[in-house]
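Peer 1: Take a look at data.csv, CSV, C-alpha atoms and all ligand atoms:
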chain,number,residue,atom,x,y,z
A,1,MET,CA,-28.4,4.1,-3.3
A,2,SER,CA,-25.9,6.8,-2.3
A,3,ARG,CA,-22.2,6.4,-2.1
A,4,VAL,CA,-20.1,8.7,0.0
A,5,PHE,CA,-16.7,10.1,-0.7
A,6,ASN,CA,-14.6,7.7,1.4
A,7,PHE,CA,-11.2,9.0,2.4
A,8,SER,CA,-10.4,5.9,4.5
A,9,ALA,CA,-6.7,4.9,4.7
A,10,GLY,CA,-7.8,1.2,4.5
A,11,PRO,CA,-9.8,-0.8,3.8
A,12,ALA,CA,-10.4,1.9,1.3
A,13,VAL,CA,-12.5,3.0,-1.7
A,14,LEU,CA,-12.6,0.6,-4.7
A,15,PRO,CA,-13.6,1.6,-8.3
A,16,GLU,CA,-17.3,1.7,-8.6
A,17,GLU,CA,-17.1,-0.1,-12.0
A,18,VAL,CA,-15.4,-3.0,-10.3
A,19,LEU,CA,-18.0,-3.3,-7.5
A,20,ARG,CA,-20.8,-3.2,-10.1
A,21,GLU,CA,-19.2,-6.0,-12.2
A,22,ALA,CA,-18.7,-8.1,-9.1
A,23,ALA,CA,-22.3,-7.5,-8.1
A,24,ASP,CA,-23.5,-8.6,-11.6
A,25,GLU,CA,-21.4,-11.8,-11.3
A,26,MET,CA,-22.3,-12.5,-7.7
A,27,LEU,CA,-24.9,-15.3,-8.3
A,28,ASP,CA,-23.5,-16.8,-11.4
A,29,TYR,CA,-19.9,-16.3,-12.4
A,30,LYS,CA,-19.6,-16.6,-16.2
A,31,GLY,CA,-22.1,-19.5,-16.5
A,32,SER,CA,-20.5,-21.5,-13.7
A,33,GLY,CA,-23.8,-21.4,-11.8
A,34,MET,CA,-22.1,-20.2,-8.6
A,35,SER,CA,-20.3,-17.2,-7.1
A,36,VAL,CA,-16.6,-17.0,-7.0
A,37,MET,CA,-16.9,-17.4,-3.2
A,38,GLU,CA,-18.5,-20.9,-3.7
A,39,MET,CA,-16.2,-22.5,-6.2
A,40,SER,CA,-13.2,-24.8,-5.7
A,41,HIS,CA,-9.8,-23.0,-5.8
A,42,ARG,CA,-8.7,-26.1,-7.8
A,43,SER,CA,-11.3,-25.7,-10.5
A,44,LYS,CA,-10.5,-24.6,-14.1
A,45,VAL,CA,-12.7,-21.5,-13.7
A,46,TYR,CA,-10.8,-20.3,-10.7
A,47,ASP,CA,-7.5,-21.2,-12.2
A,48,ASP,CA,-8.3,-18.8,-15.0
A,49,ILE,CA,-9.1,-16.1,-12.5
A,50,ILE,CA,-5.8,-16.3,-10.5
A,51,LYS,CA,-3.7,-16.8,-13.7
A,52,ASP,CA,-5.3,-13.8,-15.3
A,53,ALA,CA,-4.8,-11.7,-12.2
A,54,GLU,CA,-1.1,-12.5,-12.2
A,55,LYS,CA,-0.7,-11.9,-15.9
A,56,ASP,CA,-2.4,-8.5,-15.6
A,57,LEU,CA,-0.3,-7.5,-12.6
A,58,ARG,CA,2.9,-8.5,-14.5
A,59,ASP,CA,1.8,-6.3,-17.4
A,60,LEU,CA,1.0,-3.3,-15.2
A,61,LEU,CA,4.3,-3.4,-13.4
A,62,ASN,CA,6.5,-4.9,-16.1
A,63,ILE,CA,7.6,-7.6,-13.8
A,64,PRO,CA,10.6,-9.5,-15.2
A,65,ASP,CA,10.5,-13.3,-15.5
A,66,ASN,CA,13.0,-13.8,-12.7
A,67,TYR,CA,10.5,-12.4,-10.2
A,68,LYS,CA,7.7,-14.6,-8.7
A,69,VAL,CA,4.3,-13.1,-7.9
A,70,LEU,CA,2.6,-14.6,-4.8
A,71,PHE,CA,-0.9,-14.0,-3.6
A,72,LEU,CA,-0.8,-14.7,0.2
A,73,GLN,CA,-2.8,-14.2,3.3
A,74,GLY,CA,-2.1,-12.6,6.7
A,75,GLY,CA,-1.8,-9.1,5.5
A,76,ALA,CA,1.3,-7.0,5.3
A,77,SER,CA,1.9,-7.5,9.0
A,78,GLN,CA,2.6,-11.2,8.5
A,79,GLN,CA,5.3,-10.4,6.0
A,80,PHE,CA,7.1,-8.4,8.8
A,81,ALA,CA,8.0,-11.9,10.1
A,82,ALA,CA,8.2,-13.7,6.8
A,83,VAL,CA,10.8,-11.3,5.5
A,84,PRO,CA,13.5,-12.1,8.1
A,85,MET,CA,12.5,-15.8,8.3
A,86,ASN,CA,13.2,-16.1,4.5
A,87,LEU,CA,16.0,-13.7,4.1
A,88,MET,CA,18.1,-13.4,7.3
A,89,LYS,CA,20.7,-15.9,6.5
A,90,LYS,CA,23.5,-13.9,8.0
A,91,LYS,CA,21.2,-12.8,10.8
A,92,LYS,CA,21.6,-9.1,10.1
A,93,ALA,CA,19.5,-6.5,8.3
A,94,GLY,CA,19.2,-2.7,8.1
A,95,TYR,CA,15.9,-0.9,8.8
A,96,ILE,CA,15.0,2.7,8.0
A,97,LEU,CA,12.4,3.9,10.5
A,98,THR,CA,9.9,6.3,8.8
A,99,GLY,CA,6.8,5.5,10.8
A,100,GLN,CA,4.8,2.9,12.7
A,101,TRP,CA,4.7,0.3,10.0
A,102,ALA,CA,8.5,0.4,9.5
A,103,LYS,CA,8.9,0.3,13.3
A,104,LYS,CA,6.7,-2.8,13.6
A,105,ALA,CA,8.6,-4.6,10.9
A,106,TYR,CA,11.9,-3.6,12.7
A,107,SER,CA,10.6,-5.0,16.1
A,108,GLU,CA,9.5,-8.2,14.4
A,109,ALA,CA,12.9,-8.7,12.7
A,110,LYS,CA,14.6,-8.3,16.1
A,111,MET,CA,13.1,-11.6,17.1
A,112,TYR,CA,15.0,-13.4,14.4
A,113,GLY,CA,18.4,-11.6,14.2
A,114,GLU,CA,20.2,-8.3,14.5
A,115,ALA,CA,18.0,-5.5,13.1
A,116,VAL,CA,20.1,-2.3,12.7
A,117,GLU,CA,18.4,1.1,12.7
A,118,LEU,CA,20.0,2.8,9.7
A,119,ALA,CA,18.1,6.1,9.9
A,120,SER,CA,15.0,7.4,11.5
A,121,SER,CA,12.7,10.4,11.3
A,122,ALA,CA,11.2,9.8,14.7
A,123,ASP,CA,12.7,13.1,15.9
A,124,LYS,CA,10.1,15.1,14.0
A,125,THR,CA,7.1,12.8,14.3
A,126,PHE,CA,8.0,11.0,11.0
A,127,SER,CA,7.1,14.2,9.0
A,128,TYR,CA,10.0,13.7,6.6
A,129,ILE,CA,12.1,11.0,4.9
A,130,PRO,CA,15.7,10.9,6.2
A,131,ASP,CA,18.7,11.4,3.9
A,132,VAL,CA,19.3,7.9,2.5
A,133,SER,CA,22.2,8.6,0.2
A,134,ASP,CA,24.9,7.3,2.5
A,135,LEU,CA,23.7,5.0,5.3
A,136,PRO,CA,25.8,2.9,7.6
A,137,ILE,CA,25.1,-0.2,5.6
A,138,THR,CA,27.6,-3.1,5.9
A,139,GLU,CA,28.3,-6.0,3.7
A,140,ASP,CA,27.2,-8.5,6.3
A,141,MET,CA,23.6,-7.4,6.0
A,142,ASP,CA,21.1,-9.7,4.3
A,143,TYR,CA,18.9,-6.8,3.2
A,144,VAL,CA,17.9,-3.2,3.7
A,145,TYR,CA,14.2,-2.6,4.6
A,146,ILE,CA,12.0,0.4,3.8
A,147,CYS,CA,8.3,1.3,4.1
A,148,GLU,CA,8.0,3.2,0.8
A,149,ASN,CA,4.8,5.2,1.5
A,150,ASN,CA,4.0,5.9,5.1
A,151,THR,CA,0.3,5.6,5.4
A,152,ILE,CA,-0.1,7.2,8.8
A,153,TYR,CA,2.3,10.1,8.4
A,154,GLY,CA,1.9,10.8,4.7
A,155,THR,CA,5.5,10.6,3.5
A,156,LYS,CA,6.9,8.8,0.5
A,157,TYR,CA,10.4,8.1,-0.7
A,158,LYS,CA,11.0,10.1,-3.9
A,159,THR,CA,14.4,8.3,-4.4
A,160,LEU,CA,15.2,4.9,-3.1
A,161,PRO,CA,18.0,4.5,-0.6
A,162,ASN,CA,21.5,3.8,-1.8
A,163,THR,CA,21.8,0.3,-0.4
A,164,LYS,CA,25.5,-0.1,-1.4
A,165,GLY,CA,24.7,-3.3,-3.3
A,166,ILE,CA,22.6,-4.9,-0.6
A,167,ASP,CA,19.1,-6.2,-1.5
A,168,LEU,CA,16.2,-3.8,-1.0
A,169,VAL,CA,13.0,-5.0,0.6
A,170,ALA,CA,10.0,-2.6,0.4
A,171,ASP,CA,6.5,-2.6,2.0
A,172,VAL,CA,4.5,-0.7,-0.6
A,173,SER,CA,1.1,-1.4,0.9
A,174,SER,CA,-0.2,2.2,0.5
A,175,CYS,CA,1.4,3.2,-2.8
A,176,PHE,CA,1.1,-0.1,-4.6
A,177,LEU,CA,0.0,0.5,-8.3
A,178,SER,CA,-0.3,4.3,-7.7
A,179,GLU,CA,2.5,4.9,-10.2
A,180,PRO,CA,5.0,2.9,-12.2
A,181,MET,CA,7.9,1.3,-10.4
A,182,ASP,CA,11.1,-0.3,-11.5
A,183,VAL,CA,10.8,-3.8,-10.0
A,184,THR,CA,14.4,-4.6,-10.8
A,185,LYS,CA,15.6,-2.1,-8.1
A,186,TYR,CA,14.1,-4.3,-5.4
A,187,ALA,CA,14.7,-7.8,-4.2
A,188,VAL,CA,11.3,-8.1,-2.5
A,189,ILE,CA,8.2,-5.9,-2.9
A,190,TYR,CA,5.1,-6.6,-0.9
A,191,GLY,CA,1.8,-4.9,-0.1
A,192,GLY,CA,-1.4,-5.6,1.7
A,193,VAL,CA,-4.0,-4.9,-0.9
A,194,GLN,CA,-6.7,-3.2,1.2
A,195,LYS,CA,-5.2,0.2,0.7
A,196,ASN,CA,-5.1,0.7,-3.1
A,197,VAL,CA,-5.9,-2.6,-4.8
A,198,GLY,CA,-8.6,-4.8,-3.3
A,199,PRO,CA,-10.4,-6.2,-0.3
A,200,ALA,CA,-8.5,-6.9,3.0
A,201,GLY,CA,-7.2,-10.5,3.3
A,202,VAL,CA,-4.7,-10.6,0.5
A,203,VAL,CA,-1.1,-9.5,0.5
A,204,ILE,CA,0.9,-9.6,-2.8
A,205,ASP,CA,4.6,-10.4,-2.8
A,206,ILE,CA,6.9,-9.9,-5.7
A,207,ILE,CA,10.1,-11.7,-5.0
A,208,ARG,CA,13.3,-12.2,-7.0
A,209,GLU,CA,13.5,-15.9,-7.7
A,210,ASP,CA,17.0,-16.5,-6.3
A,211,LEU,CA,15.7,-15.5,-2.9
A,212,ILE,CA,13.1,-18.2,-2.8
A,213,THR,CA,14.9,-21.2,-1.3
A,214,ASP,CA,14.7,-23.9,1.3
A,215,ASP,CA,17.4,-22.1,3.2
A,216,VAL,CA,15.2,-20.3,5.7
A,217,LEU,CA,15.5,-19.8,9.4
A,218,PRO,CA,14.9,-22.9,11.5
A,219,GLY,CA,11.3,-23.1,12.7
A,220,THR,CA,9.9,-21.1,9.8
A,221,PRO,CA,6.3,-22.3,9.5
A,222,THR,CA,5.5,-24.1,6.2
A,223,MET,CA,3.0,-21.5,5.3
A,224,LEU,CA,5.4,-18.6,5.8
A,225,LYS,CA,8.2,-20.2,3.7
A,226,TRP,CA,8.0,-18.4,0.4
A,227,LYS,CA,9.2,-21.6,-1.4
A,228,THR,CA,6.1,-23.4,-0.3
A,229,GLN,CA,3.9,-20.8,-1.8
A,230,SER,CA,6.0,-20.4,-4.9
A,231,ASP,CA,6.2,-24.1,-5.6
A,232,ASN,CA,2.4,-24.2,-5.4
A,233,ASP,CA,1.6,-21.1,-7.4
A,234,SER,CA,-0.1,-19.5,-4.3
A,235,LEU,CA,-2.3,-22.6,-4.1
A,236,TYR,CA,-0.6,-24.5,-1.3
A,237,ASN,CA,-3.8,-24.2,0.7
A,238,THR,CA,-7.0,-22.4,0.0
A,239,PRO,CA,-6.1,-18.9,-1.0
A,240,PRO,CA,-8.3,-15.8,-0.3
A,241,CYS,CA,-10.2,-16.6,-3.5
A,242,TYR,CA,-12.7,-13.8,-3.6
A,243,GLY,CA,-10.2,-11.2,-2.7
A,244,ILE,CA,-7.8,-12.3,-5.5
A,245,TYR,CA,-10.7,-12.2,-7.9
A,246,ILE,CA,-11.5,-8.5,-7.0
A,247,CYS,CA,-7.8,-7.6,-7.2
A,248,GLY,CA,-7.8,-9.1,-10.7
A,249,LYS,CA,-10.7,-6.9,-11.6
A,250,VAL,CA,-8.9,-3.8,-10.3
A,251,PHE,CA,-5.9,-4.8,-12.4
A,252,LYS,CA,-8.1,-4.9,-15.5
A,253,TRP,CA,-9.6,-1.5,-14.5
A,254,LEU,CA,-6.1,0.0,-14.1
A,255,LYS,CA,-5.2,-1.3,-17.6
A,256,ALA,CA,-8.4,0.1,-19.1
A,257,MET,CA,-7.6,3.5,-17.5
A,258,GLY,CA,-4.3,3.5,-19.3
A,259,GLY,CA,-2.0,1.8,-16.9
A,260,LEU,CA,0.2,3.1,-14.1
A,261,GLY,CA,1.7,6.0,-16.1
A,262,GLU,CA,-1.8,7.4,-16.5
A,263,MET,CA,-2.6,6.7,-12.8
A,264,LYS,CA,0.5,8.6,-11.7
A,265,LYS,CA,-0.7,11.6,-13.8
A,266,ARG,CA,-4.1,11.4,-12.3
A,267,ASN,CA,-2.8,10.9,-8.7
A,268,GLU,CA,-0.5,13.9,-9.1
A,269,GLU,CA,-3.4,16.1,-10.3
A,270,LYS,CA,-5.6,15.0,-7.4
A,271,ALA,CA,-2.9,15.5,-4.8
A,272,LYS,CA,-2.0,18.9,-6.2
A,273,ILE,CA,-5.6,20.2,-5.7
A,274,LEU,CA,-5.4,19.3,-2.0
A,275,TYR,CA,-1.8,20.4,-1.3
A,276,ASP,CA,-2.2,23.7,-3.2
A,277,TYR,CA,-5.2,24.5,-1.1
A,278,LEU,CA,-3.4,23.5,2.2
A,279,ASP,CA,-0.4,25.6,1.2
A,280,GLN,CA,-2.5,28.8,1.0
A,281,SER,CA,-5.0,28.1,3.7
A,282,SER,CA,-4.9,30.2,6.9
A,283,LEU,CA,-6.8,27.5,8.8
A,284,PHE,CA,-5.6,24.1,7.7
A,285,LYS,CA,-2.0,23.0,7.2
A,286,GLY,CA,-0.2,19.9,5.9
A,287,THR,CA,2.1,18.2,8.4
A,288,VAL,CA,4.7,16.8,6.0
A,289,VAL,CA,7.8,18.6,4.5
A,290,LYS,CA,6.9,19.4,0.9
A,291,GLU,CA,9.5,17.3,-0.9
A,292,ASP,CA,8.5,14.1,0.9
A,293,ARG,CA,4.7,14.4,0.5
A,294,SER,CA,2.7,11.2,-0.4
A,295,LEU,CA,0.4,11.2,-3.3
A,296,MET,CA,-1.9,8.8,-1.5
A,297,ASN,CA,-2.2,9.9,2.2
A,298,VAL,CA,-2.5,13.6,3.0
A,299,PRO,CA,-2.5,14.4,6.8
A,300,PHE,CA,-3.4,17.9,7.9
A,301,VAL,CA,-4.4,19.8,11.0
A,302,THR,CA,-6.0,23.1,12.1
A,303,GLY,CA,-3.7,23.3,15.2
A,304,ASN,CA,-6.7,23.1,17.5
A,305,GLU,CA,-8.0,19.7,18.5
A,306,ASP,CA,-11.6,20.8,19.1
A,307,LEU,CA,-11.7,22.5,15.7
A,308,ASP,CA,-10.3,19.3,14.1
A,309,LYS,CA,-13.1,17.3,15.7
A,310,GLU,CA,-15.7,19.8,14.6
A,311,PHE,CA,-14.4,19.6,11.0
A,312,VAL,CA,-14.4,15.8,10.9
A,313,ALA,CA,-18.0,15.7,12.3
A,314,GLU,CA,-19.3,18.3,9.8
A,315,ALA,CA,-17.4,16.7,6.9
A,316,THR,CA,-19.0,13.3,7.8
A,317,LYS,CA,-22.4,14.9,7.7
A,318,ALA,CA,-21.7,16.3,4.3
A,319,GLY,CA,-20.7,12.9,2.9
A,320,PHE,CA,-16.9,13.1,3.2
A,321,VAL,CA,-16.1,10.2,5.5
A,322,ASN,CA,-13.2,8.7,7.3
A,323,LEU,CA,-11.2,11.9,7.5
A,324,LYS,CA,-10.1,11.5,11.1
A,325,GLY,CA,-6.3,11.2,11.4
A,326,HIS,CA,-4.7,8.0,12.7
A,327,ARG,CA,-5.2,7.6,16.5
A,328,THR,CA,-1.5,8.2,17.1
A,329,VAL,CA,-1.2,11.5,15.2
A,330,GLY,CA,-4.6,13.1,15.6
A,331,GLY,CA,-5.9,15.8,13.1
A,332,MET,CA,-7.1,14.7,9.8
A,333,ARG,CA,-5.9,12.5,6.9
A,334,ALA,CA,-7.4,12.3,3.5
A,335,SER,CA,-6.4,9.1,1.7
A,336,ILE,CA,-6.8,9.7,-2.0
A,337,TYR,CA,-6.1,6.3,-3.6
A,338,ASN,CA,-6.4,5.4,-7.3
A,339,ALA,CA,-10.2,4.8,-7.0
A,340,MET,CA,-10.9,8.3,-5.4
A,341,PRO,CA,-12.3,10.3,-8.3
A,342,LYS,CA,-10.9,13.8,-8.9
A,343,GLU,CA,-14.3,15.1,-8.2
A,344,GLY,CA,-14.1,13.8,-4.6
A,345,VAL,CA,-11.0,15.8,-4.0
A,346,GLU,CA,-12.4,18.9,-5.6
A,347,LYS,CA,-15.6,18.7,-3.5
A,348,LEU,CA,-13.6,18.1,-0.4
A,349,VAL,CA,-11.5,21.3,-1.0
A,350,GLU,CA,-14.7,23.3,-1.7
A,351,PHE,CA,-16.0,22.0,1.6
A,352,MET,CA,-12.8,22.9,3.4
A,353,GLU,CA,-12.9,26.4,1.9
A,354,LYS,CA,-16.4,26.9,3.2
A,355,PHE,CA,-15.4,25.6,6.6
A,356,GLU,CA,-12.5,28.0,6.7
A,357,GLU,CA,-14.7,30.9,5.7
A,358,SER,CA,-17.1,30.2,8.5
A,359,HIS,CA,-14.3,29.8,11.1
A,360,LYS,CA,-12.5,33.1,10.6
A,401,LIG,C1,-1.9,-0.9,6.5
A,401,LIG,C2,-0.5,-1.2,6.4
A,401,LIG,C3,0.1,-2.3,6.9
A,401,LIG,C4,-0.6,-3.4,7.7
A,401,LIG,O1,-1.4,-4.0,6.8
A,401,LIG,P1,-2.2,-5.3,7.3
A,401,LIG,O2,-2.7,-5.9,6.1
A,401,LIG,O3,-3.3,-4.8,8.2
A,401,LIG,O4,-1.3,-6.2,8.1
A,401,LIG,C5,1.5,-2.5,6.8
A,401,LIG,N1,2.2,-1.5,6.1
A,401,LIG,C6,1.7,-0.4,5.6
A,401,LIG,C7,2.5,0.5,4.8
A,401,LIG,C8,0.3,-0.2,5.7
A,401,LIG,O5,-0.2,0.9,5.2
Give the structure from the file, written as C-alpha cells.
Peer 2:
Amino acid sequence: MSRVFNFSAGPAVLPEEVLREAADEMLDYKGSGMSVMEMSHRSKVYDDIIKDAEKDLRDLLNIPDNYKVLFLQGGASQQFAAVPMNLMKKKKAGYILTGQWAKKAYSEAKMYGEAVELASSADKTFSYIPDVSDLPITEDMDYVYICENNTIYGTKYKTLPNTKGIDLVADVSSCFLSEPMDVTKYAVIYGGVQKNVGPAGVVIDIIREDLITDDVLPGTPTMLKWKTQSDNDSLYNTPPCYGIYICGKVFKWLKAMGGLGEMKKRNEEKAKILYDYLDQSSLFKGTVVKEDRSLMNVPFVTGNEDLDKEFVAEATKAGFVNLKGHRTVGGMRASIYNAMPKEGVEKLVEFMEKFEESHK
C-alpha cells in the first residue's frame, strides 16, 4: 500500500487513523455483525453514532443550546436554495461576492426574492476580500450572506462583516473545523463536509433555533424545510448514514488532537511553510493579497501556463497529486486541510525548490 500526498480541494484527504478504524469496523461494527452501511438508521446502534457525532461537534465548536445541528444531504449547493426558502420572509437579502460559490448562492437566491450585491472582489479575479466594515445593508434585509473561505480563489475573511444587526449566514465548507469559531456571531453556518470533515454526501447546518419555523416560502419542499429536519433530528428520511459515521470519527480525531485551537496552530504552521516559500520564490507566486490568505487553499502560479502544466505533471509523478488549479483560474492550488500532515507540505516545498532550481 502506498498513499500519496493528496492536495485535492475536495473530496479531500481524511485522517489515516480514521480510515484505518473504519476499515477495521467494516465487516462487523462493534459486535452488530454488520457494517454501518447495512444497518437501519432507526436502530439503537445507529442512534448512538449520530447522537455521538452531534455531541462531539457541539463540544468542538462550543455550540450553544439555542442552535440546532442538522446532518443533511444535497451538499452545500442545496443550501444555496434552502437558505432563501427558509429565511427570505421579507424577500430581500444581501450577498457579498467573493468567488464562484458566493456567486452561485447569490444567483440561486435571486429566484426567491431580491438578492442585493453588497460588495464584490470580481474586479481583481476574487484575489482579495472586500472591505466589509460599512456595507449598504438595510433593515429590510432578512440576512447577509458570505462564503467565509473561498476554496477556488484561496481567500478567507479575517474579520466578519459588520452586518448592522442583520443575521449573518455563512458557507464554511472549506474552513469548517480548521480553527475555532464563535457560533453566536452567526445565524446560520453550513458546510459540505467533503472539504475538511468527511466523505461527500453530507452537509452540516448549524442554525439558531428561532429561525427554524413553519414560516417558509410557499412551495418549499418538505425536505428543504429546516423545521422538517429539525423536528426529526436529521432522521426525517434515511440520512447519509455512512458519511455521518465517518464525520463522527473525524470529530473524535479532532478532539484527540487537542481540539480546534490546536488545529488552528497546526494549520497556521503548515500554511506558513508554503506561503514563506512562495514569498521568496523567483519562479512561483501566490495569487492572493497577503492579509486575506486562506489557511486551507493556497493557489499559486509560475506565470507561464506550459510551465504550470509541466509542474503539475512532474509533481503527480513524485506523489504530490491534485495540484492543478480550478478550471476557471488555472495555475496550481494546494489544499492543505486538517488531515494534510505537516510533512506533506514540507515535502511539497522541497519538491518546488528542486523544480525551481532546475528551471532557472
Ligand atoms: C465545494 C464547495 C461548495 C459546493 O459543495 P457541494 O457539496 O459540491 O455542493 C460550496 N461552497 C464552498 C465554499 C465549497 O468549497
Peer 1: Residues within 10 Å of stretch 110-119 of chain A, please, as a ChimeraX atom specification. Count all atoms listed in the file; anything in the same chain fewer than 6 positions from it doesn't count.
Peer 2: /A:81,84-85,88-98,103-104,129-132,134-137,141,144-145,217-218
Peer 1: For stretch 146-162 of chain A, find every residue with an atom within 6 Å (counting all atoms listed in the file), except residues of its own chain fewer than 2 positions away, and show them as a CSV table (one decimal) with C-alpha atoms, keeping the file's coordinate frame.
Peer 2:
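File produced: part34.csv:
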chain,number,residue,atom,x,y,z
A,96,ILE,CA,15.0,2.7,8.0
A,102,ALA,CA,8.5,0.4,9.5
A,132,VAL,CA,19.3,7.9,2.5
A,133,SER,CA,22.2,8.6,0.2
A,164,LYS,CA,25.5,-0.1,-1.4
A,170,ALA,CA,10.0,-2.6,0.4
A,171,ASP,CA,6.5,-2.6,2.0
A,172,VAL,CA,4.5,-0.7,-0.6
A,174,SER,CA,-0.2,2.2,0.5
A,175,CYS,CA,1.4,3.2,-2.8
A,292,ASP,CA,8.5,14.1,0.9
A,293,ARG,CA,4.7,14.4,0.5
A,294,SER,CA,2.7,11.2,-0.4
A,297,ASN,CA,-2.2,9.9,2.2
A,298,VAL,CA,-2.5,13.6,3.0
Peer 1: Do you know which residues lie at most 12 Å from (-4.4, -8.0, -18.4), with coordinates as in the file and all atoms listed in the file counted, and could you write them as a list in words?
Peer 2: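 Checked against the point, the hits come out as Asp48, Ile49, Ile50, Lys51, Asp52, Ala53, Glu54, Lys55, Asp56, Leu57, Arg58, Asp59, Leu60, Leu61, Asn62, Cys247, Gly248, Lys249, Val250, Phe251, Lys252, Trp253, Leu254, Lys255, Ala256, Met257, Gly258 and Gly259 of chain A.
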Peer 1: Select, counting only C-alpha atoms, all protein, DNA and RNA residues no farther than 12 Å from (3.6, -8.7, 9.2) in file coordinates, and express the selection as JSON, numbers by chain.
Peer 2: {"A": [72, 73, 74, 75, 76, 77, 78, 79, 80, 81, 82, 83, 84, 85, 101, 102, 103, 104, 105, 106, 107, 108, 109, 171, 173, 190, 191, 192, 203, 224]}
Peer 1: Quote the spacing between atom CA of A:Lys347 and atom C1 of ligand LIG 401 (chain A) in Å to one decimal place.
Peer 2: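 Atom-to-atom, atom CA of A:Lys347 and atom C1 of ligand LIG 401 (chain A) are spaced 25.9 Å apart.
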Peer 1: I'd like the contact shell of A:Ser282 - 10 Å cut-off, only C-alpha atoms, skipping same-chain residues fewer than 2 positions apart - returned as a list in words.
Peer 2: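 Here the answer would be Tyr277, Leu278, Asp279, Gln280, Phe284, Lys285, Thr302, Glu356, Glu357 and Lys360 of chain A.
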Peer 1: Can you tell me how far atom CA of A:Gly10 sits from atom CA of A:Lys195, in Å to one decimal?
Peer 2: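 Distance reported for this atom pair: 4.7 Å.
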Peer 1: To one decimal place, how far is atom CA of A:Asn267 from atom CA of A:Val13 in Å?
Peer 2: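 Between atom CA of A:Asn267 and atom CA of A:Val13 the gap is 14.3 Å.
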Peer 1: Looking at only C-alpha atoms, which of A:Ala122, A:Ala271, A:Leu70, A:Leu168 is the one that sits closest to A:Asp142?
Peer 2: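 Smallest separation from A:Asp142 among the options: A:Leu168.
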Peer 1: Using all atoms listed in the file, pick whichever of A:Val69, A:Ile246, A:Val349, A:Val197 has the shortest atom-to-atom distance to A:Met26.
Peer 2: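 Smallest distance to A:Met26 is found for A:Ile246.
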Peer 1: Counting all atoms listed in the file, which of A:Leu283, A:Leu87, A:Met181, A:Met39 gets nearest to A:Lys354?
Peer 2: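 Using all atoms listed in the file, A:Lys354 sits closest to A:Leu283.
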Peer 1: Check the smallest atom-to-atom distance from each of A:Met340, A:Ala315, A:Ile166, A:Lys68 to A:Asp231 using all atoms listed in the file, then report the winner.
Peer 2: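 Residue with the minimum atom-to-atom distance to A:Asp231: A:Lys68.
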Peer 1: With distances taken over only C-alpha atoms, which residue among A:Gly165, A:Pro15, A:Gly33, A:Pro64 lies nearest A:Glu139?
Peer 2: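 Nearest candidate to A:Glu139 out of A:Gly165, A:Pro15, A:Gly33, A:Pro64: A:Gly165.
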Peer 1: Between A:Leu348, A:Met296, A:Leu307, A:Ala22, which is the closest to ligand LIG 401 (chain A) once you count only C-alpha atoms and all ligand atoms?
Peer 2: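 Looking at the shortest contact to ligand LIG 401 (chain A), the residue is A:Met296.
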